[in-house]
Amino acid sequence: MIDIVGDEHDTGPPGRRNPASTLLKNLRHDIPASVVVFLVAVPLSLGVAHAAGAPLLAGLVSAVVGGFVASLFGGSALQVSGPSAALTVVLAETIATFGWAATCAITVASGVVQILFGVSRLARAALAISPAIVHGLLAGIGLIIILGQLHVVLGGAAQGSAIANILALPGQIVGHHDQAALVGVVTVGVLLAWTRMPRSMRRIPGPLAAVVLATALSVAAGMHLPRVDLPNGLPGLGFVPEAPSGSWAAITAAVLTIALITSLESLLSTLAVDKLRDGPRADLNRELVGQGLANVAAGSLGGFPVTGVVVRTMTNFEAGARTRMSAILHSVWILGCCLFLAGALRLIPLAALAGLLVYVGAKLVNVTSLREVRRHGDLPVYLATLVGAVAVNLLTGVAAGIAVALLLMVRRMLFSGIHVEPDGARTRVVIEGALTFLSVPRLTTVLAEVPEQSEVTLELFVDYLDHAAFDCLRGWQRAYERAGGVVAVDEIGHPWFERGKAGVPTVRRGVASRVVPRWLAPWSEWQAEHLELPSQRGGSVPLCRGASEFQRRTAPLLRRTWDGLANGQQPHTLFVTCGDARIVPNLITTSGPGDLFTVRNIGNLVPHASVEADFSVGAAIEYAVGILRVREVVVCGHSGCGAMKALLGDAPTGLARLGGWLRHGEETLRRRETEGPVLLDGARPGREADQLALHNVVQQLENLCSYPVVDAALARGELRLTGMYFDVGKANVYLLDATHRSFTSATSPVKS
């Protein structure tokens with residue numbers, strides 16, 4: 001997926017940002033990286049210009065001028081800009097329609113549009129386009145490049161369209177192959193084999209190695225082939241783009257197409273390198289302004305349109321570049337190459353550049369991206385974009401992708417999760433997702449399947465409920481109940497239909513009643529407040545209803561968790577707490593199955609190890625610490641504890657076993673008399689029983705140390721003891737700070 005990043009950015013040219021010492025330190029990394037990128041950029045710039053039918057020197061002009069300006073003013077520190085293979089298709093059509101000089105003027109206009117995009121802060125909006133469309137468009141461009149350049153590799157000439165290239169390709173494959181075909185095949189073969197070469201050889205960029213080897217072969221064999229045609233020196237500054245003539249609609253379409261493609265590829269390249277590097281994120285809007293300025297400069301001097309190129313940017317990053325100076329220097333090296341090594345460049349066969357373009361086009365058809373698109377269910381969007389781009393043109397492909405994406409969205413809303421489930425004598429109507437007017441036809445069909453005069457639970461798990469769907473549900477509920485049926489409404493999340501019978505929608509969340517999710521609230525509370533069926537209120541078997549709810553809703557979510565626990569447990573904590581029904585250990589500790597080994601008794605008491613009358617708690621402690629090797633033991637007391645009240649003299653009479661058990665709390669009473677108060681958030685609790693509950697937690701922690709297995713684990717540093725207190729009325733958890741003899745809110749846990 002495409003990630004939207006913030007507006008943190010690398011500010012200004014590196015010379016202004018860094019002190020001299022830091023600049024020199026970074027140059028040790030930036031200079032070698034710039035050389036690597038330069039070696040990759042030269043053959044690619046020539047190949048892209050050749051594929052588009054532009055003057056070959058135009059590719060180098062763009063790499064020098066456009067790359068320098070974009071690096072200087074762009075929003076990404078490591079972005080490397082220049083001619084891109086993604087532009088060859090639209091540029092070839094533009095050049096064929098308007099001519100080269102007019103195309104340069106269109107490039108300048110597209111740069112102005114990019115600047116307006118950046119100034120208007122539209123970078124984020126541009127990224128709202130579906131990734132499936134982006135990947136489909138790139139794959140379509142890749143296929144068009146492959147289909148056209150394969151003819152050149154095989155010694156022929158590219159046809160006028162992708163369809164024509166497909167139709168002519170079989171004859172080209174079986175036809176006569178000359179020296180150009182050998183050079184092209186060698187170039188592709190070297191590129192394919194280069195990734196399997198030893199690491200020492202792969203330090204040389206693959207495109208450079210392939211072009212150099214193919215050129216050396218052609219020169220050594222004395223082949224007479226079309227080669228790179230460069231003029232002597234760079235074009236004079238007197239070059240002036242010509243205003244295009246023809247249909248304004250066609251001119252506008254060309255300007256917008258170039259602006260959109262260059263902007264989109266630049267943003268994608270920026271985001272790709274941002275995911276890998278540390279430091280400030282790129283300023284996407286500033287990047288568009290920088291790319292726009294680069295296109296204005298490149299077009300004015302007779303250059304190819306410029307975009308941030310993923311291949312060069314990732315090469316720059318992997319070569320160890322630190323600042324934007326690397327990208328700036330790569331343009332300087334290309335300029336030097338044009339001035340002093342033009343003779344060497346003129347030796348490169350055009351067939352070698354065609355082979356390089358075939359390889360680059362194949363890389364644009366990214367199989368990993370295709371798999372990701374398929375996982376998200378957007379394969380039809382991808383295919384529509386690809387087919388439209390190849391069969392017609394790039395804009396048609398994008399439009400087709402957007403249309404299919406909208407259709408899929410409508411379909412998902414139309415067929416939202418609406419189904420009827422039998423539930424014994426009752427019926428459940430489950431509705432999930434967004435419920436809009438598009439879902440009403442299916443909703444009415446499903447509701448018609450509900451048996452007449454039955455008890456129905458209408459379960460709503462909806463993200464949105466519009467007017468039409470609300471009226472549909474309301475009308476059906478009224479009609480069904482007039483016919484003798486009973487309908488209970490059960491909503492999870494925002495209660496859109498809370499006042500459905502009254503015809504009043506709950507649109508704003510601020511006026512909705514706060515609903516506790518059923519997996520947190522007691523089932524009895526749900527029965528009393530949220531269920532309307534008479535048979536669901538009260539009753540003698542509420543736990544059976546709860547178990548049924550668990551089986552339907554919770555079990556499918558946690559089945560994999562329990563499956564992993566089927567052959568044994570490995571809890572991290574022994575949790576000793578009171579048997580009070582208000583204390584829910586997993587809830588107040590945000591833990592789940594397999595996390596806690598829980599011991600519950602009256603008053604969360606831990607009898608001293610020397611007491612032989614009790615074996616249950618001692619056995620649990622020995623098993624948890626000695627066998628399960630828990631890393632923590634927690635003793636949790638709570639407010640309003642009946643056991644503490646009983647110790648203070650409010651014990652019920654006639655319960656001999658309860659009285660015998662509470663004798664284990666007499667040590668707590670003695671501690672209260674001999675020790676100072678234990679504080680709760682810096683103060684003593686108002687009720688005496690709650691004060692005693694705090695002392696009780698401290699005492700039980702001391703009793704734990706009387707067990708040899710606990711004492712040994714503490715000595716080895718393998719166990720920690722934690723005191724916890726839960727204020728029932730405030731729903732607050734407190735942790736013991738043994739150093740200060742107080743319990744502190746768990747919002748800022750203390751170290752025990």
# chains A, B, ... in the order shown; residues from 1 in each chain; ligands from 1
call {"tool": "select_by_dssp", "arguments": {"residues": "segment 312-485 of chain A", "states": "strand (DSSP E or B)", "output": "list in words"}}
result
Pro349, Gly417, Ile418, His419, Val420, Glu421, Pro422, Asp423, Arg426, Thr427, Arg428, Val429, Val430, Ile431, Glu432, Gly433, Ala434, Leu435, Glu455, Val456, Thr457, Leu458, Glu459, Leu460, Phe461, Val462, Asp463, Tyr464 and Leu465 of chain A
call {"tool": "write_last_selection", "arguments": {"atoms": "C-alpha atoms", "output": "short mmCIF file (atom, residue, chain, number, x, y, z; two decimals), in the first residue's frame"}}
result
data_model
loop_
_atom_site.label_atom_id
_atom_site.label_comp_id
_atom_site.auth_asym_id
_atom_site.auth_seq_id
_atom_site.Cartn_x
_atom_site.Cartn_y
_atom_site.Cartn_z
CA PRO A 349 24.99 0.52 -30.35
CA GLY A 417 -22.80 -8.61 5.07
CA ILE A 418 -26.54 -9.19 5.40
CA HIS A 419 -27.71 -12.67 6.30
CA VAL A 420 -30.20 -14.62 8.42
CA GLU A 421 -29.00 -17.18 10.99
CA PRO A 422 -31.36 -19.59 12.81
CA ASP A 423 -30.85 -19.59 16.58
CA ARG A 426 -35.38 -17.58 17.45
CA THR A 427 -33.88 -15.91 14.36
CA ARG A 428 -30.86 -13.64 14.09
CA VAL A 429 -30.54 -11.07 11.31
CA VAL A 430 -26.87 -10.05 11.10
CA ILE A 431 -25.91 -6.88 9.21
CA GLU A 432 -22.25 -5.86 8.90
CA GLY A 433 -20.37 -3.11 7.08
CA ALA A 434 -21.74 0.11 5.56
CA LEU A 435 -25.50 0.09 5.02
CA GLU A 455 -38.57 -13.69 17.99
CA VAL A 456 -35.90 -11.86 16.01
CA THR A 457 -32.63 -10.30 17.08
CA LEU A 458 -31.47 -7.60 14.67
CA GLU A 459 -27.69 -7.49 15.11
CA LEU A 460 -26.12 -4.35 13.63
CA PHE A 461 -22.35 -4.12 13.17
CA VAL A 462 -22.52 -1.15 10.80
CA ASP A 463 -19.97 1.56 10.13
CA TYR A 464 -22.58 3.81 8.54
CA LEU A 465 -26.36 3.79 8.19
#
call {"tool": "residues_around", "arguments": {"residues": "Met325 of chain A", "least_positions_apart": "2", "cutoff": "7 Å", "atoms": "only C-alpha atoms", "output": "list in words"}}
result
Pro14, Asp30, Thr323, Ala327, Ile328 and Leu329 of chain A
call {"tool": "residues_around", "arguments": {"residues": "Val36 of chain A", "least_positions_apart": "3", "cutoff": "9 Å", "atoms": "only C-alpha atoms", "output": "list in words"}}
result
Ile31, Pro32, Ala33, Leu39, Val40, Ala41, Arg203, Ile204, Pro205, Thr315, Asn316, Ala319 and His330 of chain A
call {"tool": "atom_distance", "arguments": {"atom1": "atom CA of Thr445 of chain A", "atom2": "atom CA of Leu473 of chain A"}}
result
12.1 Å
call {"tool": "select_by_dssp", "arguments": {"residues": "segment 214-355 of chain A", "states": "helix (DSSP H, G or I)", "output": "ChimeraX atom specification"}}
result
/A:214-220,248-274,284-300,310-318,325-340,342-345,350-355
